[in-house]
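S.K.: Attaching a single structure in structure tokens format; questions to follow.
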Amino acid sequence: MSYLLIKSEPDTFGIDDLRKKKVELWDGVRNFQARNYMLASKVGDLAFFYHSNAKPPGIAGLCKIVEVGVVDPTQFDKKSHYYDPTSPKDNPRWLTIKVEFVEKFENYLSLDDLRKTFSPDDLIILRRGSRLSVTPVDNKVAKRLLTLARKAA
DNA sequence: GCCAACGTTGGC
DNA sequence: GCCAACGTTGGC
């Protein structure tokens with residue numbers, strides 16, 4: 001069992017949207033490193049759902065990876081913002097995951113909170129200039145995050 | 001294979 | 001809306 005952290009803008013798709021839809025194809029990731037982290041995950045792994053460009057930004061909940069290596073259909077959709085004309089149809093470049101809602105955290109873990117508790121070594125998103133939309137989270141760090149998120153306020 | 005220009009991300 | 005940081009592109 002391992003953990004990821006995936007970012008999304010709540011204005012576009014937030015934890016409440018995921019709760020409503022239950023399962024979502026994580027499309028639109030157009031960064032090789034982020035893609036590789038997704039492909040390295042396994043069905044049953046968990047992912048922290050991070051709200052970027054939010055007020056304040058932070059971790060809002062948890063979801064579970066229910067499928068790995070799904071072809072992202074938006075790469076072939078000319079009308080999509082994520083259309084990639086250079087991706088070969090017979091060997092799609094952008095493979096992604098499907099995630100399922102698990103929980104919305106009792107305590108929203110704001111970026112400020114995260115900085116107080118964790119170091120940039122613990123969490124990639126705390127590193128200077130880090131923009132990766134999918135990052136791995138160390139198991140021990142993940143456990144601490146879950147404790148913080150579920151502890152009564 | 002270098003690197004300048006450009007586009008994007010995302011916190012503030 | 002600004003801008004630092006970073007990835008990608010394309011000329012050479």
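As shown in the structure tokens, the chain order sets the letters A, B, ...; within each chain, residues go from 1, and ligands are also counted from 1 in the order they appear.
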Give me, as an NGL selection string, the residues of region 2-151 of chain A that a backbone DSSP run labels strand (DSSP E or B).

M.R.: :A and (3-8 or 23-25 or 46-51 or 58-71 or 95-110 or 134-137)

S.K.: Set the distance at 8 Å and use only C-alpha atoms (C1' of nucleotides): which residues neighbour DG10 (chain B) once local chain neighbours fewer than 3 positions away are removed? I'd like the list as a list in words.

M.R.: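 Listed by chain and then number, they are Ser52, Asn53 and Arg131 of chain A.
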
S.K.: Please, could you write that set of residues out with N, CA and C atoms as a CSV table (one decimal), in the first residue's frame?

M.R.:
chain,number,residue,atom,x,y,z
A,52,SER,N,-5.7,23.0,-4.9
A,52,SER,CA,-4.8,24.1,-5.3
A,52,SER,C,-5.6,25.3,-5.8
A,53,ASN,N,-5.0,26.4,-5.7
A,53,ASN,CA,-5.7,27.7,-6.1
A,53,ASN,C,-6.9,27.8,-5.3
A,131,ARG,N,5.7,22.1,-8.6
A,131,ARG,CA,4.4,22.3,-9.3
A,131,ARG,C,3.8,21.0,-9.7

S.K.: Give me, as an NGL selection string, the contact residues of chain B against chain A at a cut-off of 10 Å, counting only C-alpha atoms (C1' of nucleotides).

M.R.: :B and (8-11)

S.K.: Those residues you just picked out, can you put them in a file as a PDB file, in the first residue's frame with C-alpha atoms (C1' of nucleotides)?

M.R.:
ATOM      1  C1'  DT B   8       1.857  27.037 -17.278  1.00  0.00           C
ATOM      2  C1'  DT B   9       1.404  26.344 -12.377  1.00  0.00           C
ATOM      3  C1'  DG B  10       0.069  27.948  -8.187  1.00  0.00           C
ATOM      4  C1'  DG B  11       0.971  30.713  -3.968  1.00  0.00           C
TER       5       DG B  11
END

S.K.: Have a look at CA of Asp84 (chain A) and C1' of DG7 (chain C) and let me know their distance in Å, one decimal.

M.R.: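 Rounded to one decimal, the two atoms are 15.7 Å apart.
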
S.K.: Grab the CA of Arg127 (chain A) to CA of Val99 (chain A) distance for me, in Å with one decimal place.

M.R.: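 It comes out at 25.3 Å.
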
S.K.: Take CA of Leu148 (chain A) and CA of Lys116 (chain A) and report the distance between them in Å, one decimal.

M.R.: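 So the two atoms, CA of Leu148 (chain A) and CA of Lys116 (chain A), lie 12.1 Å apart.
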
S.K.: Can you pull out every residue within 12 Å of Gln75 (chain A), counting only C-alpha atoms (C1' of nucleotides), but drop anything in the same chain fewer than 4 positions away, and send it as number ranges by chain?

M.R.: A: 27-30, 71, 79-89, 91-96
